[in-house]
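For reference, entry02.txt (compact mmCIF, N, CA and C atoms):
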```txt
# COMPACT_ATOMS: atom_id res chain seq x y z
N GLN A 1 18.21 31.79 -2.67
CA GLN A 1 18.06 31.57 -4.10
C GLN A 1 17.74 30.10 -4.38
N ALA A 2 17.06 29.89 -5.50
CA ALA A 2 16.77 28.53 -5.92
C ALA A 2 18.00 27.91 -6.56
N GLN A 3 18.07 26.60 -6.47
CA GLN A 3 19.09 25.86 -7.21
C GLN A 3 18.42 25.29 -8.45
N LEU A 4 19.04 25.53 -9.60
CA LEU A 4 18.44 25.15 -10.88
C LEU A 4 19.44 24.32 -11.67
N VAL A 5 18.96 23.22 -12.24
CA VAL A 5 19.81 22.35 -13.04
C VAL A 5 19.10 22.04 -14.35
N GLU A 6 19.70 22.50 -15.46
CA GLU A 6 19.14 22.24 -16.78
C GLU A 6 19.68 20.93 -17.34
N SER A 7 18.89 20.33 -18.21
CA SER A 7 19.32 19.14 -18.93
C SER A 7 18.51 19.03 -20.22
N GLY A 8 18.94 18.12 -21.08
CA GLY A 8 18.18 17.86 -22.29
C GLY A 8 18.75 18.45 -23.56
N GLY A 9 19.82 19.23 -23.44
CA GLY A 9 20.43 19.77 -24.64
C GLY A 9 21.15 18.70 -25.43
N GLY A 10 21.61 19.09 -26.61
CA GLY A 10 22.34 18.15 -27.45
C GLY A 10 22.46 18.64 -28.86
N LEU A 11 22.87 17.73 -29.73
CA LEU A 11 23.03 18.02 -31.15
C LEU A 11 21.85 17.42 -31.90
N VAL A 12 21.21 18.24 -32.73
CA VAL A 12 20.04 17.79 -33.47
C VAL A 12 20.09 18.42 -34.86
N GLN A 13 19.53 17.72 -35.82
CA GLN A 13 19.46 18.28 -37.17
C GLN A 13 18.33 19.29 -37.27
N ALA A 14 18.48 20.19 -38.20
CA ALA A 14 17.42 21.17 -38.44
C ALA A 14 16.10 20.46 -38.71
N GLY A 15 15.04 20.99 -38.12
CA GLY A 15 13.74 20.37 -38.22
C GLY A 15 13.42 19.42 -37.08
N GLY A 16 14.42 19.09 -36.29
CA GLY A 16 14.23 18.17 -35.18
C GLY A 16 13.68 18.86 -33.94
N SER A 17 13.58 18.07 -32.88
CA SER A 17 13.00 18.55 -31.62
C SER A 17 13.89 18.18 -30.44
N LEU A 18 13.80 18.99 -29.41
CA LEU A 18 14.43 18.71 -28.13
C LEU A 18 13.50 19.19 -27.03
N ARG A 19 13.59 18.53 -25.90
CA ARG A 19 12.88 19.03 -24.72
C ARG A 19 13.90 19.28 -23.61
N LEU A 20 13.99 20.52 -23.22
CA LEU A 20 14.87 20.89 -22.12
C LEU A 20 14.11 20.82 -20.81
N SER A 21 14.82 20.44 -19.76
CA SER A 21 14.25 20.37 -18.42
C SER A 21 15.07 21.25 -17.48
N CYS A 22 14.40 21.79 -16.50
CA CYS A 22 15.07 22.56 -15.46
C CYS A 22 14.50 22.12 -14.12
N ALA A 23 15.32 21.43 -13.36
CA ALA A 23 14.91 20.94 -12.05
C ALA A 23 15.26 21.98 -11.00
N ALA A 24 14.27 22.34 -10.20
CA ALA A 24 14.45 23.39 -9.20
C ALA A 24 14.37 22.82 -7.80
N SER A 25 15.14 23.42 -6.91
CA SER A 25 15.09 23.04 -5.50
C SER A 25 15.42 24.27 -4.66
N GLY A 26 15.13 24.18 -3.40
CA GLY A 26 15.51 25.25 -2.50
C GLY A 26 14.43 26.24 -2.15
N ARG A 27 13.25 26.08 -2.76
CA ARG A 27 12.15 26.97 -2.43
C ARG A 27 10.86 26.32 -2.89
N THR A 28 9.76 26.96 -2.54
CA THR A 28 8.45 26.43 -2.97
C THR A 28 8.27 26.77 -4.45
N PHE A 29 8.52 25.81 -5.28
CA PHE A 29 8.62 26.01 -6.72
C PHE A 29 7.38 26.66 -7.31
N SER A 30 6.22 26.25 -6.88
CA SER A 30 4.98 26.72 -7.51
C SER A 30 4.72 28.20 -7.27
N TRP A 31 5.42 28.82 -6.35
CA TRP A 31 5.21 30.23 -6.06
C TRP A 31 5.98 31.15 -7.01
N TYR A 32 6.87 30.61 -7.82
CA TYR A 32 7.83 31.45 -8.53
C TYR A 32 7.67 31.37 -10.04
N THR A 33 7.70 32.51 -10.67
CA THR A 33 7.75 32.59 -12.11
C THR A 33 9.13 32.15 -12.60
N MET A 34 9.12 31.38 -13.69
CA MET A 34 10.35 30.84 -14.25
C MET A 34 10.51 31.33 -15.69
N ALA A 35 11.74 31.37 -16.14
CA ALA A 35 12.00 31.84 -17.50
C ALA A 35 13.13 31.04 -18.13
N TRP A 36 13.08 30.93 -19.44
CA TRP A 36 14.16 30.38 -20.23
C TRP A 36 14.83 31.51 -21.01
N PHE A 37 16.16 31.47 -21.02
CA PHE A 37 16.97 32.39 -21.79
C PHE A 37 17.90 31.57 -22.68
N ARG A 38 18.51 32.23 -23.63
CA ARG A 38 19.54 31.58 -24.42
C ARG A 38 20.61 32.60 -24.82
N GLN A 39 21.80 32.07 -25.04
CA GLN A 39 22.91 32.91 -25.48
C GLN A 39 23.66 32.17 -26.57
N GLY A 40 23.52 32.70 -27.78
CA GLY A 40 24.20 32.13 -28.93
C GLY A 40 25.61 32.67 -29.06
N PRO A 41 26.42 32.06 -29.91
CA PRO A 41 27.81 32.51 -30.10
C PRO A 41 27.89 33.97 -30.50
N GLY A 42 28.60 34.74 -29.72
CA GLY A 42 28.77 36.15 -30.03
C GLY A 42 27.57 37.03 -29.74
N ASN A 43 26.55 36.45 -29.13
CA ASN A 43 25.32 37.21 -28.87
C ASN A 43 25.13 37.46 -27.38
N GLU A 44 24.31 38.44 -27.09
CA GLU A 44 23.92 38.66 -25.71
C GLU A 44 22.86 37.63 -25.30
N ARG A 45 22.75 37.44 -24.01
CA ARG A 45 21.71 36.53 -23.51
C ARG A 45 20.35 37.16 -23.77
N GLU A 46 19.44 36.36 -24.30
CA GLU A 46 18.10 36.87 -24.61
C GLU A 46 17.05 35.97 -23.99
N SER A 47 15.94 36.59 -23.68
CA SER A 47 14.83 35.83 -23.11
C SER A 47 14.14 35.04 -24.22
N VAL A 48 13.66 33.87 -23.86
CA VAL A 48 13.00 32.99 -24.81
C VAL A 48 11.53 32.77 -24.44
N ALA A 49 11.29 32.40 -23.20
CA ALA A 49 9.93 32.08 -22.77
C ALA A 49 9.82 32.25 -21.27
N ILE A 50 8.62 32.57 -20.84
CA ILE A 50 8.33 32.81 -19.43
C ILE A 50 7.09 32.02 -19.07
N ILE A 51 7.11 31.41 -17.90
CA ILE A 51 5.90 30.80 -17.38
C ILE A 51 5.69 31.35 -15.99
N ASN A 52 4.59 32.07 -15.84
CA ASN A 52 4.30 32.72 -14.58
C ASN A 52 3.88 31.71 -13.52
N TRP A 53 4.05 32.10 -12.26
CA TRP A 53 3.64 31.24 -11.17
C TRP A 53 2.14 30.95 -11.27
N SER A 54 1.39 31.92 -11.85
CA SER A 54 -0.05 31.77 -12.00
C SER A 54 -0.43 30.91 -13.21
N GLY A 55 0.56 30.54 -14.03
CA GLY A 55 0.30 29.64 -15.14
C GLY A 55 0.37 30.27 -16.52
N GLY A 56 0.27 31.59 -16.60
CA GLY A 56 0.33 32.23 -17.90
C GLY A 56 1.71 32.13 -18.51
N THR A 57 1.75 32.16 -19.85
CA THR A 57 3.02 32.02 -20.57
C THR A 57 3.23 33.18 -21.52
N LEU A 58 4.50 33.47 -21.78
CA LEU A 58 4.91 34.47 -22.75
C LEU A 58 6.03 33.88 -23.60
N TYR A 59 6.04 34.20 -24.88
CA TYR A 59 7.12 33.79 -25.76
C TYR A 59 7.75 35.06 -26.32
N CYS A 60 9.07 35.09 -26.26
CA CYS A 60 9.80 36.32 -26.55
C CYS A 60 10.46 36.22 -27.92
N GLY A 61 9.94 36.98 -28.84
CA GLY A 61 10.50 36.98 -30.18
C GLY A 61 9.69 36.13 -31.12
N ASP A 62 9.46 36.66 -32.28
CA ASP A 62 8.66 35.94 -33.28
C ASP A 62 9.32 34.63 -33.70
N SER A 63 10.64 34.55 -33.53
CA SER A 63 11.34 33.36 -34.03
C SER A 63 10.99 32.10 -33.26
N VAL A 64 10.50 32.22 -32.03
CA VAL A 64 10.21 31.03 -31.25
C VAL A 64 8.70 30.77 -31.13
N LYS A 65 7.91 31.77 -31.39
CA LYS A 65 6.47 31.59 -31.26
C LYS A 65 5.97 30.53 -32.24
N GLY A 66 5.17 29.64 -31.74
CA GLY A 66 4.63 28.57 -32.56
C GLY A 66 5.53 27.35 -32.64
N ARG A 67 6.78 27.48 -32.22
CA ARG A 67 7.71 26.35 -32.25
C ARG A 67 8.09 25.87 -30.86
N PHE A 68 8.16 26.78 -29.90
CA PHE A 68 8.58 26.45 -28.55
C PHE A 68 7.37 26.47 -27.62
N THR A 69 7.38 25.59 -26.63
CA THR A 69 6.33 25.55 -25.63
C THR A 69 6.96 25.40 -24.25
N VAL A 70 6.61 26.31 -23.36
CA VAL A 70 7.10 26.25 -21.98
C VAL A 70 5.99 25.68 -21.09
N SER A 71 6.38 24.84 -20.16
CA SER A 71 5.41 24.25 -19.24
C SER A 71 6.11 23.97 -17.91
N ARG A 72 5.30 23.64 -16.93
CA ARG A 72 5.88 23.33 -15.63
C ARG A 72 5.12 22.18 -14.97
N ASP A 73 5.84 21.40 -14.21
CA ASP A 73 5.28 20.29 -13.44
C ASP A 73 5.58 20.59 -11.98
N THR A 74 4.59 21.10 -11.29
CA THR A 74 4.84 21.52 -9.90
C THR A 74 5.06 20.31 -8.99
N ALA A 75 4.50 19.17 -9.36
CA ALA A 75 4.69 17.98 -8.54
C ALA A 75 6.16 17.54 -8.54
N HIS A 76 6.86 17.83 -9.63
CA HIS A 76 8.25 17.43 -9.76
C HIS A 76 9.21 18.62 -9.77
N ASN A 77 8.69 19.80 -9.45
CA ASN A 77 9.54 21.00 -9.38
C ASN A 77 10.39 21.17 -10.63
N THR A 78 9.76 21.02 -11.77
CA THR A 78 10.50 21.07 -13.03
C THR A 78 9.77 21.95 -14.04
N VAL A 79 10.54 22.71 -14.77
CA VAL A 79 10.00 23.49 -15.88
C VAL A 79 10.63 22.95 -17.16
N TYR A 80 9.85 22.94 -18.22
CA TYR A 80 10.28 22.36 -19.49
C TYR A 80 10.24 23.40 -20.61
N LEU A 81 11.05 23.17 -21.60
CA LEU A 81 10.98 23.94 -22.84
C LEU A 81 10.99 22.94 -23.99
N GLN A 82 9.83 22.73 -24.59
CA GLN A 82 9.72 21.86 -25.76
C GLN A 82 10.05 22.70 -27.00
N MET A 83 11.03 22.25 -27.75
CA MET A 83 11.47 23.00 -28.93
C MET A 83 11.29 22.13 -30.16
N ASN A 84 10.45 22.58 -31.06
CA ASN A 84 10.17 21.85 -32.30
C ASN A 84 10.65 22.65 -33.51
N SER A 85 10.75 21.97 -34.62
CA SER A 85 11.17 22.61 -35.88
C SER A 85 12.42 23.46 -35.67
N LEU A 86 13.40 22.87 -35.04
CA LEU A 86 14.60 23.62 -34.69
C LEU A 86 15.36 24.09 -35.92
N LYS A 87 15.98 25.25 -35.78
CA LYS A 87 16.73 25.88 -36.86
C LYS A 87 18.17 26.10 -36.39
N PRO A 88 19.10 26.21 -37.31
CA PRO A 88 20.49 26.47 -36.90
C PRO A 88 20.62 27.72 -36.04
N GLU A 89 19.80 28.70 -36.27
CA GLU A 89 19.88 29.93 -35.46
C GLU A 89 19.40 29.74 -34.04
N ASP A 90 18.83 28.58 -33.73
CA ASP A 90 18.47 28.27 -32.34
C ASP A 90 19.67 27.77 -31.54
N THR A 91 20.79 27.57 -32.20
CA THR A 91 21.99 27.10 -31.52
C THR A 91 22.41 28.10 -30.45
N ALA A 92 22.53 27.62 -29.23
CA ALA A 92 22.84 28.50 -28.10
C ALA A 92 22.98 27.65 -26.84
N VAL A 93 23.48 28.28 -25.80
CA VAL A 93 23.37 27.72 -24.46
C VAL A 93 22.06 28.22 -23.88
N TYR A 94 21.26 27.31 -23.39
CA TYR A 94 19.95 27.64 -22.85
C TYR A 94 20.02 27.58 -21.33
N TYR A 95 19.49 28.63 -20.71
CA TYR A 95 19.51 28.77 -19.26
C TYR A 95 18.08 28.90 -18.74
N CYS A 96 17.82 28.33 -17.58
CA CYS A 96 16.58 28.66 -16.91
C CYS A 96 16.90 29.56 -15.73
N SER A 97 15.89 30.30 -15.35
CA SER A 97 16.06 31.28 -14.29
C SER A 97 14.77 31.39 -13.50
N ALA A 98 14.91 31.76 -12.24
CA ALA A 98 13.75 31.90 -11.37
C ALA A 98 13.67 33.33 -10.84
N ALA A 99 12.45 33.79 -10.69
CA ALA A 99 12.23 35.12 -10.12
C ALA A 99 12.74 35.18 -8.68
N ASN A 100 13.15 36.37 -8.29
CA ASN A 100 13.64 36.54 -6.93
C ASN A 100 12.53 36.49 -5.90
N ALA A 101 11.38 37.02 -6.28
CA ALA A 101 10.27 37.14 -5.33
C ALA A 101 9.14 36.19 -5.72
N PRO A 102 8.44 35.67 -4.75
CA PRO A 102 7.28 34.82 -5.07
C PRO A 102 6.12 35.67 -5.57
N PHE A 103 5.22 35.00 -6.27
CA PHE A 103 3.97 35.59 -6.73
C PHE A 103 4.19 36.80 -7.63
N LEU A 104 5.26 36.78 -8.39
CA LEU A 104 5.57 37.83 -9.35
C LEU A 104 5.10 37.37 -10.73
N ASP A 105 4.21 38.11 -11.33
CA ASP A 105 3.78 37.84 -12.70
C ASP A 105 4.53 38.76 -13.66
N VAL A 106 5.03 38.19 -14.74
CA VAL A 106 5.71 38.95 -15.78
C VAL A 106 4.78 39.05 -16.98
N SER A 107 4.60 40.28 -17.47
CA SER A 107 3.66 40.49 -18.57
C SER A 107 4.33 40.99 -19.83
N THR A 108 5.63 41.19 -19.80
CA THR A 108 6.36 41.67 -20.96
C THR A 108 7.72 40.99 -21.01
N CYS A 109 8.23 40.84 -22.21
CA CYS A 109 9.52 40.19 -22.38
C CYS A 109 10.70 41.13 -22.13
N THR A 110 10.44 42.37 -21.89
CA THR A 110 11.50 43.34 -21.64
C THR A 110 11.47 43.75 -20.17
N ASP A 111 12.63 44.21 -19.69
CA ASP A 111 12.73 44.85 -18.37
C ASP A 111 12.33 43.96 -17.21
N PHE A 112 12.51 42.65 -17.34
CA PHE A 112 12.20 41.81 -16.19
C PHE A 112 13.42 41.06 -15.66
N ARG A 113 14.51 41.06 -16.42
CA ARG A 113 15.64 40.23 -16.02
C ARG A 113 16.19 40.60 -14.65
N GLY A 114 16.11 41.89 -14.32
CA GLY A 114 16.63 42.32 -13.02
C GLY A 114 15.91 41.71 -11.84
N ARG A 115 14.75 41.15 -12.10
CA ARG A 115 13.97 40.53 -11.03
C ARG A 115 14.18 39.02 -10.97
N PHE A 116 15.14 38.53 -11.76
CA PHE A 116 15.46 37.10 -11.78
C PHE A 116 16.92 36.94 -11.35
N GLY A 117 17.13 36.28 -10.22
CA GLY A 117 18.48 36.19 -9.69
C GLY A 117 19.04 34.79 -9.57
N SER A 118 18.24 33.78 -9.83
CA SER A 118 18.71 32.39 -9.75
C SER A 118 18.87 31.86 -11.15
N TRP A 119 20.03 31.26 -11.41
CA TRP A 119 20.33 30.76 -12.75
C TRP A 119 20.90 29.36 -12.68
N GLY A 120 20.58 28.57 -13.69
CA GLY A 120 21.24 27.29 -13.84
C GLY A 120 22.56 27.45 -14.57
N GLN A 121 23.23 26.31 -14.78
CA GLN A 121 24.54 26.34 -15.43
C GLN A 121 24.43 26.35 -16.95
N GLY A 122 23.25 26.08 -17.46
CA GLY A 122 23.03 26.11 -18.90
C GLY A 122 23.19 24.74 -19.52
N THR A 123 22.53 24.56 -20.66
CA THR A 123 22.64 23.34 -21.44
C THR A 123 22.80 23.73 -22.91
N GLN A 124 23.75 23.11 -23.58
CA GLN A 124 24.07 23.47 -24.95
C GLN A 124 23.11 22.81 -25.93
N VAL A 125 22.58 23.61 -26.81
CA VAL A 125 21.76 23.12 -27.92
C VAL A 125 22.46 23.49 -29.21
N THR A 126 22.73 22.50 -30.04
CA THR A 126 23.37 22.74 -31.33
C THR A 126 22.50 22.15 -32.42
N VAL A 127 22.12 22.98 -33.37
CA VAL A 127 21.27 22.56 -34.47
C VAL A 127 22.09 22.62 -35.75
N SER A 128 22.25 21.47 -36.39
CA SER A 128 23.04 21.41 -37.63
C SER A 128 22.12 21.57 -38.83
N SER A 129 22.68 22.15 -39.88
CA SER A 129 21.89 22.39 -41.09
C SER A 129 21.94 21.20 -42.02
```
What do you get writing this file as structure tokens?
Amino acid sequence: QAQLVESGGGLVQAGGSLRLSCAASGRTFSWYTMAWFRQGPGNERESVAIINWSGGTLYCGDSVKGRFTVSRDTAHNTVYLQMNSLKPEDTAVYYCSAANAPFLDVSTCTDFRGRFGSWGQGTQVTVSS
């Protein structure tokens, strides 16, 4: 399994921005599809964004489309989540995750979590109104 370490969370006012980072080690990073999830208070963990090993991206849920951008830097084995125009409902612990198998492309935001087995410890994002 990959080792994943998230950072970049914090407290921000509504309308502000944060960039989350996920540093990966333990495998050839560029071969693996990565995903961001979040879990808000009292909520189940939900997918937020996916970046395929091939470069394609998916955004899960209308609430993040147009505000969040997922990217990856293969030279530094890091995946990012740029979050703009933050809202109080974005408050959650954000996790990154890596696919179990290399060269796996994800084309839908549903039914893929079972293929992701590496998780970071999460980073807290709190958006105040």
- Item | Nearest-residue call for Ser25 in chain A, choices A:Cys60, A:Val5, A:Cys96, A:Val125, using all atoms listed in the file | A:Val5
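Using only N, CA and C atoms for every distance, the candidate list A:Ala92, A:Ala23, A:Leu58, A:Val12 yields A:Leu58 as the residue closest to Cys109 in chain A.
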Please report, as CSV, each residue of range 17-60 of chain A lying at most 9 Å from range 113-121 of chain A, together with the nearest pair of atoms and the separation in Å rounded to one decimal; use only C-alpha atoms, and order rows by chain and ascending residue number.
```
residue,atom,partner,partner_atom,distance
A:Cys22,CA,A:Gly120,CA,7.9
A:Thr33,CA,A:Phe116,CA,8.9
A:Met34,CA,A:Phe116,CA,8.4
A:Ala35,CA,A:Phe116,CA,8.5
A:Ser47,CA,A:Arg113,CA,8.4
```
- Message: What's the separation between CA of Val106 in chain A and CA of Asp62 in chain A, in Å to one decimal place?
- Response: 18.0 Å
For range 31-38 of chain A, what centre and edge lengths in Å (one decimal) does the axis-aligned box get once 8 Å is added on each side of all its listed atoms, as JSON?
```
{"center_x": 12.9, "center_y": 30.7, "center_z": -15.4, "size_x": 31.4, "size_y": 19.8, "size_z": 34.8}
```
- When you draw a straight line from atom C of Tyr32 in chain A to CA of Arg67 in chain A, how long is it in Å? 22.8 Å
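Distances to Glu6 in chain A were evaluated for A:Thr91, A:Val79, A:Asn43, A:Pro102 using only C-alpha atoms, and the minimum falls at A:Val79.
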- Counting all atoms listed in the file, closest pick from A:Gln39, A:Glu44, A:Gly9, A:Phe68 relative to Tyr95 in chain A is A:Gln39
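Omitting Ala14 in chain A and its sequence neighbours fewer than 6 positions away, and counting all atoms listed in the file, the residues within 8 Å are Asn84, Ser85, Leu86, Lys87, Pro88, Thr126, Val127, Ser128 and Ser129 of chain A.
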Written file, previous selection with N, CA and C atoms, as an mmCIF file, in the coordinates of the input:
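Contents of again-v2.cif, as written:
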```
data_model
loop_
_atom_site.group_PDB
_atom_site.id
_atom_site.type_symbol
_atom_site.label_atom_id
_atom_site.label_comp_id
_atom_site.auth_asym_id
_atom_site.auth_seq_id
_atom_site.Cartn_x
_atom_site.Cartn_y
_atom_site.Cartn_z
ATOM 1 N N ASN A 84 10.450 22.580 -31.060
ATOM 2 C CA ASN A 84 10.170 21.850 -32.300
ATOM 3 C C ASN A 84 10.650 22.650 -33.510
ATOM 4 N N SER A 85 10.750 21.970 -34.620
ATOM 5 C CA SER A 85 11.170 22.610 -35.880
ATOM 6 C C SER A 85 12.420 23.460 -35.670
ATOM 7 N N LEU A 86 13.400 22.870 -35.040
ATOM 8 C CA LEU A 86 14.600 23.620 -34.690
ATOM 9 C C LEU A 86 15.360 24.090 -35.920
ATOM 10 N N LYS A 87 15.980 25.250 -35.780
ATOM 11 C CA LYS A 87 16.730 25.880 -36.860
ATOM 12 C C LYS A 87 18.170 26.100 -36.390
ATOM 13 N N PRO A 88 19.100 26.210 -37.310
ATOM 14 C CA PRO A 88 20.490 26.470 -36.900
ATOM 15 C C PRO A 88 20.620 27.720 -36.040
ATOM 16 N N THR A 126 22.730 22.500 -30.040
ATOM 17 C CA THR A 126 23.370 22.740 -31.330
ATOM 18 C C THR A 126 22.500 22.150 -32.420
ATOM 19 N N VAL A 127 22.120 22.980 -33.370
ATOM 20 C CA VAL A 127 21.270 22.560 -34.470
ATOM 21 C C VAL A 127 22.090 22.620 -35.750
ATOM 22 N N SER A 128 22.250 21.470 -36.390
ATOM 23 C CA SER A 128 23.040 21.410 -37.630
ATOM 24 C C SER A 128 22.120 21.570 -38.830
ATOM 25 N N SER A 129 22.680 22.150 -39.880
ATOM 26 C CA SER A 129 21.890 22.390 -41.090
ATOM 27 C C SER A 129 21.940 21.200 -42.020
#
```
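One distance worth recording is that between CA of Ala98 in chain A and atom C of Gly40 in chain A, which is 21.3 Å.
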- Message: Run DSSP on the backbone and tell me which residues of chain A come out as strand (DSSP E or B); list them as a count of residues only.
- Response: 62
Please work out which residues fall within 8 Å of (12.2, 17.5, -20.4), coordinates as given in the file, with only N, CA and C atoms counting, and return them as a PDB file with N, CA and C atoms, in the frame of the given file.
```pdb
ATOM      1  N   SER A   7      18.890  20.330 -18.210  1.00  0.00           N
ATOM      2  CA  SER A   7      19.320  19.140 -18.930  1.00  0.00           C
ATOM      3  C   SER A   7      18.510  19.030 -20.220  1.00  0.00           C
ATOM      4  N   GLY A   8      18.940  18.120 -21.080  1.00  0.00           N
ATOM      5  CA  GLY A   8      18.180  17.860 -22.290  1.00  0.00           C
ATOM      6  C   GLY A   8      18.750  18.450 -23.560  1.00  0.00           C
ATOM      7  N   LEU A  18      13.800  18.990 -29.410  1.00  0.00           N
ATOM      8  CA  LEU A  18      14.430  18.710 -28.130  1.00  0.00           C
ATOM      9  C   LEU A  18      13.500  19.190 -27.030  1.00  0.00           C
ATOM     10  N   ARG A  19      13.590  18.530 -25.900  1.00  0.00           N
ATOM     11  CA  ARG A  19      12.880  19.030 -24.720  1.00  0.00           C
ATOM     12  C   ARG A  19      13.900  19.280 -23.610  1.00  0.00           C
ATOM     13  N   LEU A  20      13.990  20.520 -23.220  1.00  0.00           N
ATOM     14  CA  LEU A  20      14.870  20.890 -22.120  1.00  0.00           C
ATOM     15  C   LEU A  20      14.110  20.820 -20.810  1.00  0.00           C
ATOM     16  N   SER A  21      14.820  20.440 -19.760  1.00  0.00           N
ATOM     17  CA  SER A  21      14.250  20.370 -18.420  1.00  0.00           C
ATOM     18  C   SER A  21      15.070  21.250 -17.480  1.00  0.00           C
ATOM     19  N   CYS A  22      14.400  21.790 -16.500  1.00  0.00           N
ATOM     20  CA  CYS A  22      15.070  22.560 -15.460  1.00  0.00           C
ATOM     21  C   CYS A  22      14.500  22.120 -14.120  1.00  0.00           C
ATOM     22  N   VAL A  79      10.540  22.710 -14.770  1.00  0.00           N
ATOM     23  CA  VAL A  79      10.000  23.490 -15.880  1.00  0.00           C
ATOM     24  C   VAL A  79      10.630  22.950 -17.160  1.00  0.00           C
ATOM     25  N   TYR A  80       9.850  22.940 -18.220  1.00  0.00           N
ATOM     26  CA  TYR A  80      10.280  22.360 -19.490  1.00  0.00           C
ATOM     27  C   TYR A  80      10.240  23.400 -20.610  1.00  0.00           C
ATOM     28  N   LEU A  81      11.050  23.170 -21.600  1.00  0.00           N
ATOM     29  CA  LEU A  81      10.980  23.940 -22.840  1.00  0.00           C
ATOM     30  C   LEU A  81      10.990  22.940 -23.990  1.00  0.00           C
ATOM     31  N   GLN A  82       9.830  22.730 -24.590  1.00  0.00           N
ATOM     32  CA  GLN A  82       9.720  21.860 -25.760  1.00  0.00           C
ATOM     33  C   GLN A  82      10.050  22.700 -27.000  1.00  0.00           C
TER      34      GLN A  82
END
```
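The residue that comes closest to Ser97 in chain A, out of A:Trp36, A:Arg45, A:Asp73, A:Ser54 and on the basis of only N, CA and C atoms, is A:Trp36.
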- Query: Which of chain A counts as helix (DSSP H, G or I) under DSSP, as a PyMOL selection string please?
  - Reply: chain A and resi 29-31+74-76+88-90+113-115
- Note on the structure: For Gln3 in chain A, the closest of A:Asn100, A:Val93, A:Lys65, A:Phe112 counting only C-alpha atoms is A:Asn100
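Those DNA, RNA and protein residues that approach the point (9.3, 22.2, -7.2) to within 6 Å, considering only N, CA and C atoms, are Ala24, Ser25, Thr28, Phe29, Ser30, Thr74, Ala75, His76, Asn77 and Thr78 of chain A.
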